[in-house]
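Undergrad: If it helps, the file is called structure30.txt and holds compact mmCIF, N, CA and C atoms:
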# COMPACT_ATOMS: atom_id res chain seq x y z
N MET A 31 -1.63 114.84 -27.48
CA MET A 31 -2.38 113.71 -27.95
C MET A 31 -1.97 112.43 -27.22
N GLU A 32 -0.74 112.35 -26.71
CA GLU A 32 -0.26 111.17 -26.02
C GLU A 32 -1.05 110.89 -24.74
N ASN A 33 -1.66 111.92 -24.14
CA ASN A 33 -2.39 111.75 -22.89
C ASN A 33 -3.87 111.43 -23.09
N LEU A 34 -4.33 111.38 -24.30
CA LEU A 34 -5.72 111.09 -24.59
C LEU A 34 -6.06 109.67 -24.13
N GLU A 35 -7.15 109.53 -23.37
CA GLU A 35 -7.55 108.21 -22.88
C GLU A 35 -8.76 107.64 -23.62
N THR A 36 -9.61 108.49 -24.18
CA THR A 36 -10.80 108.04 -24.89
C THR A 36 -10.89 108.76 -26.23
N LEU A 37 -11.11 107.98 -27.28
CA LEU A 37 -11.29 108.55 -28.61
C LEU A 37 -12.60 108.01 -29.18
N VAL A 38 -13.50 108.91 -29.49
CA VAL A 38 -14.81 108.56 -30.03
C VAL A 38 -14.93 109.13 -31.44
N LEU A 39 -14.94 108.24 -32.42
CA LEU A 39 -15.12 108.62 -33.81
C LEU A 39 -16.23 107.74 -34.39
N VAL A 40 -17.41 107.89 -33.85
CA VAL A 40 -18.57 107.08 -34.22
C VAL A 40 -19.37 107.80 -35.30
N ALA A 41 -19.75 107.05 -36.33
CA ALA A 41 -20.56 107.58 -37.44
C ALA A 41 -19.92 108.83 -38.05
N ASP A 42 -18.62 108.75 -38.28
CA ASP A 42 -17.87 109.87 -38.86
C ASP A 42 -17.43 109.61 -40.29
N GLN A 43 -18.02 108.63 -40.94
CA GLN A 43 -17.71 108.28 -42.32
C GLN A 43 -16.24 107.93 -42.51
N ILE A 44 -15.66 107.27 -41.52
CA ILE A 44 -14.27 106.83 -41.61
C ILE A 44 -14.21 105.63 -42.54
N ASP A 45 -13.40 105.76 -43.59
CA ASP A 45 -13.23 104.69 -44.56
C ASP A 45 -11.76 104.26 -44.58
N ALA A 46 -11.39 103.44 -45.53
CA ALA A 46 -10.02 102.93 -45.61
C ALA A 46 -9.01 104.06 -45.75
N ARG A 47 -9.34 105.06 -46.54
CA ARG A 47 -8.42 106.20 -46.72
C ARG A 47 -8.22 106.95 -45.40
N ALA A 48 -9.30 107.17 -44.69
CA ALA A 48 -9.19 107.85 -43.39
C ALA A 48 -8.39 106.99 -42.41
N CYS A 49 -8.57 105.67 -42.47
CA CYS A 49 -7.80 104.78 -41.60
C CYS A 49 -6.31 104.86 -41.88
N HIS A 50 -5.97 105.06 -43.15
CA HIS A 50 -4.57 105.22 -43.53
C HIS A 50 -3.94 106.39 -42.78
N TYR A 51 -4.68 107.47 -42.61
CA TYR A 51 -4.18 108.66 -41.91
C TYR A 51 -4.37 108.56 -40.40
N LEU A 52 -5.40 107.86 -39.98
CA LEU A 52 -5.69 107.72 -38.55
C LEU A 52 -4.68 106.80 -37.86
N ALA A 53 -4.25 105.75 -38.52
CA ALA A 53 -3.37 104.74 -37.91
C ALA A 53 -2.09 105.33 -37.31
N PRO A 54 -1.34 106.19 -38.02
CA PRO A 54 -0.13 106.76 -37.41
C PRO A 54 -0.43 107.59 -36.16
N ALA A 55 -1.55 108.28 -36.16
CA ALA A 55 -1.93 109.06 -34.97
C ALA A 55 -2.24 108.13 -33.80
N LEU A 56 -2.93 107.02 -34.09
CA LEU A 56 -3.26 106.06 -33.04
C LEU A 56 -2.00 105.47 -32.42
N MET A 57 -0.97 105.28 -33.23
CA MET A 57 0.27 104.71 -32.71
C MET A 57 0.92 105.61 -31.66
N LYS A 58 0.63 106.90 -31.72
CA LYS A 58 1.19 107.85 -30.76
C LYS A 58 0.35 107.97 -29.50
N MET A 59 -0.83 107.41 -29.50
CA MET A 59 -1.75 107.53 -28.36
C MET A 59 -1.50 106.39 -27.37
N THR A 60 -0.38 106.48 -26.69
CA THR A 60 0.06 105.40 -25.82
C THR A 60 -0.79 105.22 -24.57
N ASN A 61 -1.55 106.23 -24.18
CA ASN A 61 -2.40 106.13 -23.00
C ASN A 61 -3.85 105.85 -23.33
N LEU A 62 -4.16 105.61 -24.59
CA LEU A 62 -5.54 105.39 -25.00
C LEU A 62 -6.10 104.14 -24.34
N ARG A 63 -7.25 104.29 -23.71
CA ARG A 63 -7.91 103.18 -23.01
C ARG A 63 -9.19 102.74 -23.72
N ASP A 64 -9.88 103.69 -24.36
CA ASP A 64 -11.16 103.41 -24.99
C ASP A 64 -11.15 103.95 -26.42
N LEU A 65 -11.45 103.08 -27.38
CA LEU A 65 -11.47 103.47 -28.79
C LEU A 65 -12.81 103.06 -29.39
N PHE A 66 -13.59 104.05 -29.79
CA PHE A 66 -14.91 103.83 -30.37
C PHE A 66 -14.90 104.24 -31.83
N LEU A 67 -14.98 103.26 -32.72
CA LEU A 67 -14.97 103.51 -34.17
C LEU A 67 -16.20 102.89 -34.86
N SER A 68 -17.26 102.69 -34.14
CA SER A 68 -18.45 102.05 -34.70
C SER A 68 -19.16 102.94 -35.71
N ASN A 69 -19.97 102.29 -36.54
CA ASN A 69 -20.81 102.97 -37.53
C ASN A 69 -20.01 103.81 -38.52
N ASN A 70 -18.98 103.20 -39.07
CA ASN A 70 -18.18 103.82 -40.11
C ASN A 70 -18.13 102.88 -41.30
N GLN A 71 -17.20 103.11 -42.21
CA GLN A 71 -17.03 102.26 -43.39
C GLN A 71 -15.60 101.75 -43.46
N ILE A 72 -15.16 101.10 -42.39
CA ILE A 72 -13.78 100.67 -42.28
C ILE A 72 -13.48 99.50 -43.23
N TYR A 73 -14.32 98.48 -43.25
CA TYR A 73 -14.18 97.32 -44.11
C TYR A 73 -12.79 96.69 -44.01
N TYR A 74 -12.48 95.83 -44.96
CA TYR A 74 -11.22 95.10 -44.97
C TYR A 74 -10.01 96.03 -45.09
N LYS A 75 -10.05 96.91 -46.07
CA LYS A 75 -8.88 97.77 -46.32
C LYS A 75 -8.57 98.69 -45.15
N GLY A 76 -9.59 99.16 -44.47
CA GLY A 76 -9.36 99.98 -43.28
C GLY A 76 -8.72 99.18 -42.16
N CYS A 77 -9.12 97.93 -42.03
CA CYS A 77 -8.53 97.06 -41.00
C CYS A 77 -7.05 96.78 -41.28
N VAL A 78 -6.70 96.71 -42.55
CA VAL A 78 -5.29 96.54 -42.92
C VAL A 78 -4.46 97.70 -42.37
N HIS A 79 -5.00 98.91 -42.44
CA HIS A 79 -4.28 100.09 -41.93
C HIS A 79 -4.32 100.15 -40.40
N LEU A 80 -5.45 99.78 -39.81
CA LEU A 80 -5.60 99.91 -38.36
C LEU A 80 -4.87 98.83 -37.57
N ALA A 81 -4.76 97.63 -38.12
CA ALA A 81 -4.19 96.51 -37.37
C ALA A 81 -2.80 96.80 -36.77
N PRO A 82 -1.86 97.36 -37.53
CA PRO A 82 -0.55 97.65 -36.92
C PRO A 82 -0.65 98.64 -35.75
N ALA A 83 -1.52 99.61 -35.86
CA ALA A 83 -1.69 100.57 -34.77
C ALA A 83 -2.30 99.88 -33.56
N LEU A 84 -3.28 99.02 -33.80
CA LEU A 84 -3.92 98.32 -32.69
C LEU A 84 -2.95 97.38 -31.98
N MET A 85 -1.97 96.87 -32.70
CA MET A 85 -0.97 95.99 -32.08
C MET A 85 -0.18 96.71 -30.99
N ASN A 86 -0.07 98.03 -31.11
CA ASN A 86 0.65 98.82 -30.11
C ASN A 86 -0.22 99.27 -28.95
N MET A 87 -1.48 98.92 -28.96
CA MET A 87 -2.42 99.41 -27.95
C MET A 87 -2.69 98.34 -26.89
N SER A 88 -1.64 97.93 -26.21
CA SER A 88 -1.77 96.87 -25.22
C SER A 88 -2.56 97.30 -23.99
N GLN A 89 -2.74 98.60 -23.78
CA GLN A 89 -3.47 99.09 -22.61
C GLN A 89 -4.94 99.37 -22.89
N LEU A 90 -5.37 99.15 -24.11
CA LEU A 90 -6.76 99.42 -24.48
C LEU A 90 -7.71 98.53 -23.68
N LYS A 91 -8.78 99.13 -23.15
CA LYS A 91 -9.78 98.40 -22.36
C LYS A 91 -11.08 98.20 -23.12
N ILE A 92 -11.43 99.14 -24.00
CA ILE A 92 -12.65 99.03 -24.79
C ILE A 92 -12.32 99.29 -26.25
N LEU A 93 -12.78 98.39 -27.12
CA LEU A 93 -12.63 98.55 -28.55
C LEU A 93 -13.99 98.31 -29.20
N ALA A 94 -14.52 99.33 -29.84
CA ALA A 94 -15.83 99.24 -30.48
C ALA A 94 -15.67 99.40 -31.99
N LEU A 95 -15.97 98.33 -32.71
CA LEU A 95 -15.87 98.31 -34.17
C LEU A 95 -17.16 97.81 -34.82
N SER A 96 -18.28 97.99 -34.17
CA SER A 96 -19.56 97.53 -34.71
C SER A 96 -19.92 98.32 -35.96
N SER A 97 -20.69 97.68 -36.83
CA SER A 97 -21.23 98.31 -38.05
C SER A 97 -20.15 98.94 -38.91
N ASN A 98 -19.19 98.11 -39.32
CA ASN A 98 -18.09 98.59 -40.15
C ASN A 98 -17.81 97.69 -41.35
N GLY A 99 -18.67 96.74 -41.64
CA GLY A 99 -18.44 95.86 -42.78
C GLY A 99 -17.25 94.95 -42.61
N ILE A 100 -16.90 94.63 -41.37
CA ILE A 100 -15.74 93.77 -41.09
C ILE A 100 -16.10 92.32 -41.43
N ASP A 101 -15.27 91.71 -42.27
CA ASP A 101 -15.50 90.34 -42.73
C ASP A 101 -14.30 89.45 -42.36
N ALA A 102 -14.26 88.25 -42.92
CA ALA A 102 -13.19 87.30 -42.60
C ALA A 102 -11.81 87.85 -42.97
N LYS A 103 -11.70 88.48 -44.14
CA LYS A 103 -10.40 89.04 -44.53
C LYS A 103 -9.95 90.10 -43.54
N ALA A 104 -10.87 90.91 -43.07
CA ALA A 104 -10.54 91.94 -42.08
C ALA A 104 -10.13 91.30 -40.76
N CYS A 105 -10.86 90.26 -40.35
CA CYS A 105 -10.56 89.59 -39.09
C CYS A 105 -9.20 88.91 -39.11
N LYS A 106 -8.78 88.47 -40.28
CA LYS A 106 -7.46 87.87 -40.41
C LYS A 106 -6.38 88.88 -40.02
N HIS A 107 -6.61 90.16 -40.30
CA HIS A 107 -5.66 91.21 -39.93
C HIS A 107 -5.87 91.67 -38.49
N LEU A 108 -7.11 91.69 -38.05
CA LEU A 108 -7.40 92.15 -36.69
C LEU A 108 -6.97 91.17 -35.62
N ALA A 109 -7.11 89.88 -35.88
CA ALA A 109 -6.86 88.87 -34.85
C ALA A 109 -5.46 88.97 -34.22
N PRO A 110 -4.38 89.12 -35.00
CA PRO A 110 -3.07 89.26 -34.36
C PRO A 110 -2.98 90.50 -33.45
N ALA A 111 -3.63 91.57 -33.84
CA ALA A 111 -3.65 92.78 -33.01
C ALA A 111 -4.42 92.52 -31.71
N LEU A 112 -5.54 91.84 -31.81
CA LEU A 112 -6.34 91.53 -30.63
C LEU A 112 -5.58 90.64 -29.66
N THR A 113 -4.76 89.75 -30.19
CA THR A 113 -3.99 88.85 -29.35
C THR A 113 -3.11 89.60 -28.37
N GLY A 114 -2.59 90.75 -28.78
CA GLY A 114 -1.73 91.54 -27.92
C GLY A 114 -2.47 92.45 -26.95
N MET A 115 -3.77 92.51 -27.07
CA MET A 115 -4.56 93.39 -26.20
C MET A 115 -4.93 92.66 -24.91
N THR A 116 -3.95 92.46 -24.08
CA THR A 116 -4.14 91.67 -22.86
C THR A 116 -4.99 92.38 -21.81
N GLN A 117 -5.17 93.69 -21.94
CA GLN A 117 -5.98 94.44 -20.97
C GLN A 117 -7.41 94.68 -21.46
N LEU A 118 -7.72 94.24 -22.67
CA LEU A 118 -9.03 94.51 -23.25
C LEU A 118 -10.13 93.86 -22.42
N GLU A 119 -11.12 94.67 -22.04
CA GLU A 119 -12.24 94.21 -21.23
C GLU A 119 -13.53 94.09 -22.04
N GLU A 120 -13.69 94.94 -23.05
CA GLU A 120 -14.92 94.94 -23.84
C GLU A 120 -14.59 95.06 -25.33
N LEU A 121 -15.20 94.17 -26.11
CA LEU A 121 -14.99 94.16 -27.56
C LEU A 121 -16.36 94.12 -28.24
N PHE A 122 -16.61 95.12 -29.07
CA PHE A 122 -17.88 95.26 -29.77
C PHE A 122 -17.66 95.06 -31.26
N LEU A 123 -18.26 94.01 -31.81
CA LEU A 123 -18.13 93.69 -33.24
C LEU A 123 -19.49 93.38 -33.87
N SER A 124 -20.55 93.90 -33.34
CA SER A 124 -21.89 93.63 -33.84
C SER A 124 -22.12 94.25 -35.22
N LYS A 125 -23.10 93.69 -35.91
CA LYS A 125 -23.57 94.24 -37.18
C LYS A 125 -22.46 94.41 -38.21
N ASN A 126 -21.63 93.39 -38.32
CA ASN A 126 -20.60 93.35 -39.34
C ASN A 126 -20.90 92.20 -40.29
N LEU A 127 -19.89 91.72 -40.97
CA LEU A 127 -20.03 90.59 -41.89
C LEU A 127 -19.21 89.41 -41.39
N ILE A 128 -19.13 89.29 -40.07
CA ILE A 128 -18.32 88.24 -39.45
C ILE A 128 -19.06 86.91 -39.59
N ASP A 129 -18.40 85.98 -40.30
CA ASP A 129 -18.99 84.66 -40.55
C ASP A 129 -18.15 83.59 -39.85
N ASP A 130 -18.38 82.33 -40.21
CA ASP A 130 -17.67 81.23 -39.55
C ASP A 130 -16.16 81.31 -39.75
N GLU A 131 -15.73 81.67 -40.95
CA GLU A 131 -14.29 81.80 -41.21
C GLU A 131 -13.69 82.89 -40.33
N ALA A 132 -14.36 84.00 -40.23
CA ALA A 132 -13.89 85.11 -39.38
C ALA A 132 -13.81 84.67 -37.92
N CYS A 133 -14.77 83.87 -37.49
CA CYS A 133 -14.78 83.38 -36.11
C CYS A 133 -13.55 82.53 -35.80
N GLU A 134 -13.08 81.79 -36.79
CA GLU A 134 -11.87 80.99 -36.59
C GLU A 134 -10.68 81.88 -36.24
N TYR A 135 -10.54 83.01 -36.92
CA TYR A 135 -9.46 83.94 -36.63
C TYR A 135 -9.65 84.56 -35.24
N LEU A 136 -10.87 84.97 -34.96
CA LEU A 136 -11.15 85.63 -33.69
C LEU A 136 -10.99 84.70 -32.50
N ALA A 137 -11.37 83.44 -32.66
CA ALA A 137 -11.28 82.49 -31.55
C ALA A 137 -9.84 82.34 -31.06
N LEU A 138 -8.90 82.36 -31.97
CA LEU A 138 -7.49 82.24 -31.59
C LEU A 138 -7.02 83.43 -30.75
N ALA A 139 -7.60 84.59 -31.01
CA ALA A 139 -7.25 85.78 -30.24
C ALA A 139 -7.96 85.77 -28.89
N LEU A 140 -9.19 85.31 -28.86
CA LEU A 140 -9.98 85.36 -27.63
C LEU A 140 -9.33 84.59 -26.48
N VAL A 141 -8.70 83.50 -26.78
CA VAL A 141 -8.08 82.69 -25.74
C VAL A 141 -6.96 83.46 -25.02
N LYS A 142 -6.37 84.44 -25.66
CA LYS A 142 -5.29 85.24 -25.07
C LYS A 142 -5.80 86.43 -24.29
N MET A 143 -7.08 86.74 -24.41
CA MET A 143 -7.65 87.94 -23.79
C MET A 143 -8.18 87.61 -22.40
N ALA A 144 -7.28 87.54 -21.46
CA ALA A 144 -7.61 87.08 -20.10
C ALA A 144 -8.55 88.02 -19.35
N LYS A 145 -8.61 89.28 -19.73
CA LYS A 145 -9.45 90.24 -18.99
C LYS A 145 -10.76 90.57 -19.71
N LEU A 146 -11.02 89.93 -20.82
CA LEU A 146 -12.23 90.22 -21.58
C LEU A 146 -13.47 89.85 -20.76
N ASN A 147 -14.31 90.85 -20.49
CA ASN A 147 -15.53 90.66 -19.71
C ASN A 147 -16.79 90.72 -20.57
N ARG A 148 -16.67 91.31 -21.75
CA ARG A 148 -17.85 91.47 -22.61
C ARG A 148 -17.43 91.37 -24.07
N LEU A 149 -18.10 90.45 -24.79
CA LEU A 149 -17.91 90.29 -26.22
C LEU A 149 -19.29 90.39 -26.86
N ILE A 150 -19.49 91.44 -27.64
CA ILE A 150 -20.78 91.68 -28.27
C ILE A 150 -20.60 91.53 -29.78
N MET A 151 -21.24 90.49 -30.33
CA MET A 151 -21.09 90.18 -31.76
C MET A 151 -22.43 89.83 -32.40
N HIS A 152 -23.53 90.34 -31.90
CA HIS A 152 -24.82 89.98 -32.47
C HIS A 152 -24.99 90.58 -33.86
N GLU A 153 -25.95 90.04 -34.59
CA GLU A 153 -26.27 90.46 -35.95
C GLU A 153 -25.09 90.32 -36.92
N ASN A 154 -24.45 89.15 -36.84
CA ASN A 154 -23.44 88.72 -37.79
C ASN A 154 -23.87 87.37 -38.34
N PRO A 155 -23.48 87.01 -39.57
CA PRO A 155 -23.89 85.72 -40.14
C PRO A 155 -23.05 84.55 -39.62
N ILE A 156 -23.20 84.24 -38.34
CA ILE A 156 -22.42 83.20 -37.68
C ILE A 156 -23.31 81.98 -37.44
N SER A 157 -22.82 80.80 -37.79
CA SER A 157 -23.59 79.58 -37.56
C SER A 157 -23.61 79.23 -36.07
N GLU A 158 -24.54 78.38 -35.69
CA GLU A 158 -24.64 77.94 -34.29
C GLU A 158 -23.36 77.25 -33.84
N GLY A 159 -22.76 76.47 -34.74
CA GLY A 159 -21.52 75.78 -34.41
C GLY A 159 -20.40 76.76 -34.08
N SER A 160 -20.26 77.80 -34.86
CA SER A 160 -19.22 78.81 -34.60
C SER A 160 -19.53 79.61 -33.33
N LYS A 161 -20.81 79.84 -33.07
CA LYS A 161 -21.18 80.53 -31.83
C LYS A 161 -20.74 79.70 -30.62
N GLN A 162 -20.89 78.39 -30.70
CA GLN A 162 -20.46 77.53 -29.61
C GLN A 162 -18.94 77.58 -29.43
N VAL A 163 -18.22 77.63 -30.54
CA VAL A 163 -16.76 77.72 -30.48
C VAL A 163 -16.34 79.02 -29.81
N ILE A 164 -16.96 80.12 -30.20
CA ILE A 164 -16.63 81.42 -29.59
C ILE A 164 -16.91 81.38 -28.09
N ARG A 165 -18.06 80.87 -27.71
CA ARG A 165 -18.38 80.78 -26.28
C ARG A 165 -17.37 79.92 -25.53
N ALA A 166 -16.94 78.83 -26.15
CA ALA A 166 -15.98 77.92 -25.51
C ALA A 166 -14.63 78.58 -25.31
N TRP A 167 -14.24 79.45 -26.24
CA TRP A 167 -12.94 80.10 -26.13
C TRP A 167 -12.94 81.26 -25.14
N CYS A 168 -14.11 81.79 -24.84
CA CYS A 168 -14.21 82.89 -23.87
C CYS A 168 -14.23 82.33 -22.45
N ARG A 169 -13.73 83.12 -21.53
CA ARG A 169 -13.77 82.74 -20.12
C ARG A 169 -15.22 82.69 -19.64
N ASP A 170 -15.46 81.92 -18.59
CA ASP A 170 -16.82 81.80 -18.04
C ASP A 170 -17.37 83.13 -17.57
N GLU A 171 -16.52 84.03 -17.10
CA GLU A 171 -16.94 85.32 -16.57
C GLU A 171 -17.30 86.32 -17.66
N CYS A 172 -17.02 85.97 -18.89
CA CYS A 172 -17.23 86.89 -20.01
C CYS A 172 -18.67 86.83 -20.50
N GLU A 173 -19.31 87.98 -20.58
CA GLU A 173 -20.63 88.08 -21.18
C GLU A 173 -20.47 88.03 -22.70
N VAL A 174 -21.13 87.06 -23.31
CA VAL A 174 -21.03 86.87 -24.76
C VAL A 174 -22.42 87.04 -25.36
N VAL A 175 -22.56 87.98 -26.30
CA VAL A 175 -23.82 88.18 -27.00
C VAL A 175 -23.56 87.95 -28.48
N LEU A 176 -24.14 86.85 -28.98
CA LEU A 176 -23.94 86.47 -30.39
C LEU A 176 -25.26 86.48 -31.14
Once more with this new file: its structure as structure tokens, please.
TA:
Amino acid sequence: MENLETLVLVADQIDARACHYLAPALMKMTNLRDLFLSNNQIYYKGCVHLAPALMNMSQLKILALSSNGIDAKACKHLAPALTGMTQLEELFLSKNLIDDEACEYLALALVKMAKLNRLIMHENPISEGSKQVIRAWCRDECEVVL
């Protein structure tokens, strides 16, 4: 499992309980480059379990968490993990519950993500003001879809 580079668990009904069991396994996947967890039911409680594992994934290049009910409380836990993902190139957070408060947490992490080339966050309840903040915190080379 340590040599696994891509993990796709899309639309697998992963909820907070599953995240509780998934997180220790993720911590052992030191070579993981791509993690796709979209279209599940992770929500806030799942993010609480996943965040410590994600903190150890400094080599991750793609993280897909779209359609998971992620809100401001979840982003508060995710943001510190994202800060350590210095190799992350693509981040997918579309179709969640990310609002202006959540954007404040994410913006602090985005400034540390020097290699981020694509940030996809469309279909979230984000105000125009917060969208401008997110764009400002991203590098000019980064494709931002809000």
Undergrad: Enter the distance from CA of Gln71 in chain A to CA of Phe122 in chain A, in Å, rounded to one decimal.
TA: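 The value is 15.3 Å.
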Undergrad: Find the distance between CA of Cys168 in chain A and CA of Asn154 in chain A and write it in Å to one decimal.
TA: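 According to the coordinates, CA of Cys168 in chain A and CA of Asn154 in chain A are separated by 17.7 Å.
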Undergrad: Measure the distance from atom N of Lys58 in chain A to atom N of Lys145 in chain A in Å and round it to one decimal.
TA: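 Between atom N of Lys58 in chain A and atom N of Lys145 in chain A the gap is 23.2 Å.
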Undergrad: List as a list of chain:residue names the protein and nucleic acid residues near Leu138 in chain A, meaning an atom at most 8 Å away when only N, CA and C atoms are counted, but skip any in the same chain fewer than 2 places from it.
TA: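 After dropping sequence-adjacent residues, the list is A:Ala109, A:Pro110, A:Leu112, A:Thr113, A:Cys133, A:Glu134, A:Tyr135, A:Leu136, A:Leu140, A:Val141, A:Lys142, A:Met143, A:Trp167.
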Undergrad: Got a sec to tell me which of chain A DSSP assigns to helix (DSSP H, G or I), as a ChimeraX atom specification?
TA: /A:46-58,73-85,102-113,130-140,158-167
Undergrad: Taking only N, CA and C atoms into account, name the residue in A:Leu108, A:Cys49, A:Leu62, A:Met115 that is nearest to Ser88 in chain A.
TA: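 Once distances to Ser88 in chain A are computed over only N, CA and C atoms, the minimum belongs to A:Met115.
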Undergrad: Would you please give, as a compact mmCIF listing (two decimals) with N, CA and C atoms, keeping the file's coordinate frame, all residues of chain A that DSSP assigns to strand (DSSP E or B) based on the backbone?
TA:
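To be explicit, this is the file written out as states-v7.txt:
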# COMPACT_ATOMS: atom_id res chain seq x y z
N THR A 36 -9.61 108.49 -24.18
CA THR A 36 -10.80 108.04 -24.89
C THR A 36 -10.89 108.76 -26.23
N LEU A 37 -11.11 107.98 -27.28
CA LEU A 37 -11.29 108.55 -28.61
C LEU A 37 -12.60 108.01 -29.18
N VAL A 38 -13.50 108.91 -29.49
CA VAL A 38 -14.81 108.56 -30.03
C VAL A 38 -14.93 109.13 -31.44
N ASP A 64 -9.88 103.69 -24.36
CA ASP A 64 -11.16 103.41 -24.99
C ASP A 64 -11.15 103.95 -26.42
N LEU A 65 -11.45 103.08 -27.38
CA LEU A 65 -11.47 103.47 -28.79
C LEU A 65 -12.81 103.06 -29.39
N PHE A 66 -13.59 104.05 -29.79
CA PHE A 66 -14.91 103.83 -30.37
C PHE A 66 -14.90 104.24 -31.83
N ILE A 92 -11.43 99.14 -24.00
CA ILE A 92 -12.65 99.03 -24.79
C ILE A 92 -12.32 99.29 -26.25
N LEU A 93 -12.78 98.39 -27.12
CA LEU A 93 -12.63 98.55 -28.55
C LEU A 93 -13.99 98.31 -29.20
N ALA A 94 -14.52 99.33 -29.84
CA ALA A 94 -15.83 99.24 -30.48
C ALA A 94 -15.67 99.40 -31.99
N GLU A 120 -13.69 94.94 -23.05
CA GLU A 120 -14.92 94.94 -23.84
C GLU A 120 -14.59 95.06 -25.33
N LEU A 121 -15.20 94.17 -26.11
CA LEU A 121 -14.99 94.16 -27.56
C LEU A 121 -16.36 94.12 -28.24
N PHE A 122 -16.61 95.12 -29.07
CA PHE A 122 -17.88 95.26 -29.77
C PHE A 122 -17.66 95.06 -31.26
N ARG A 148 -16.67 91.31 -21.75
CA ARG A 148 -17.85 91.47 -22.61
C ARG A 148 -17.43 91.37 -24.07
N LEU A 149 -18.10 90.45 -24.79
CA LEU A 149 -17.91 90.29 -26.22
C LEU A 149 -19.29 90.39 -26.86
N ILE A 150 -19.49 91.44 -27.64
CA ILE A 150 -20.78 91.68 -28.27
C ILE A 150 -20.60 91.53 -29.78
N GLU A 173 -19.31 87.98 -20.58
CA GLU A 173 -20.63 88.08 -21.18
C GLU A 173 -20.47 88.03 -22.70
N VAL A 174 -21.13 87.06 -23.31
CA VAL A 174 -21.03 86.87 -24.76
C VAL A 174 -22.42 87.04 -25.36
N VAL A 175 -22.56 87.98 -26.30
CA VAL A 175 -23.82 88.18 -27.00
C VAL A 175 -23.56 87.95 -28.48
Undergrad: Let me make sure I understand: among A:Leu176, A:Leu95, A:Leu84, A:Ala46, which one has the smallest atom-to-atom distance to Gly114 in chain A if we use only N, CA and C atoms?
TA: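 Among the listed residues, the smallest separation from Gly114 in chain A belongs to A:Leu84.
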Undergrad: From the structure just shown, export range 73-84 of chain A with N, CA, C and O atoms as a short mmCIF file (atom, residue, chain, number, x, y, z; two decimals), in the first residue's frame.
TA:
data_model
loop_
_atom_site.label_atom_id
_atom_site.label_comp_id
_atom_site.auth_asym_id
_atom_site.auth_seq_id
_atom_site.Cartn_x
_atom_site.Cartn_y
_atom_site.Cartn_z
N TYR A 73 -18.62 15.44 4.81
CA TYR A 73 -19.08 16.49 5.71
C TYR A 73 -18.02 16.91 6.72
O TYR A 73 -16.84 16.57 6.59
N TYR A 74 -18.45 17.62 7.74
CA TYR A 74 -17.55 18.15 8.76
C TYR A 74 -16.83 17.03 9.53
O TYR A 74 -15.61 17.03 9.68
N LYS A 75 -17.60 16.08 10.03
CA LYS A 75 -17.00 15.04 10.88
C LYS A 75 -15.99 14.20 10.12
O LYS A 75 -14.98 13.78 10.68
N GLY A 76 -16.23 13.95 8.86
CA GLY A 76 -15.25 13.21 8.06
C GLY A 76 -13.97 14.00 7.88
O GLY A 76 -12.87 13.44 7.92
N CYS A 77 -14.09 15.31 7.71
CA CYS A 77 -12.91 16.16 7.57
C CYS A 77 -12.07 16.18 8.84
O CYS A 77 -10.85 16.27 8.78
N VAL A 78 -12.74 16.09 9.99
CA VAL A 78 -12.01 16.01 11.26
C VAL A 78 -11.09 14.79 11.26
O VAL A 78 -9.95 14.86 11.71
N HIS A 79 -11.57 13.67 10.73
CA HIS A 79 -10.75 12.45 10.67
C HIS A 79 -9.69 12.53 9.58
O HIS A 79 -8.57 12.05 9.77
N LEU A 80 -10.03 13.12 8.44
CA LEU A 80 -9.11 13.14 7.30
C LEU A 80 -7.98 14.16 7.46
O LEU A 80 -6.88 13.94 6.95
N ALA A 81 -8.25 15.28 8.12
CA ALA A 81 -7.26 16.36 8.19
C ALA A 81 -5.89 15.92 8.70
O ALA A 81 -4.88 16.26 8.08
N PRO A 82 -5.80 15.15 9.80
CA PRO A 82 -4.46 14.72 10.24
C PRO A 82 -3.73 13.87 9.20
O PRO A 82 -2.52 13.98 9.04
N ALA A 83 -4.47 13.04 8.49
CA ALA A 83 -3.85 12.22 7.45
C ALA A 83 -3.37 13.10 6.31
O ALA A 83 -2.26 12.90 5.77
N LEU A 84 -4.18 14.07 5.93
CA LEU A 84 -3.80 14.96 4.84
C LEU A 84 -2.58 15.79 5.19
O LEU A 84 -1.79 16.15 4.31
#
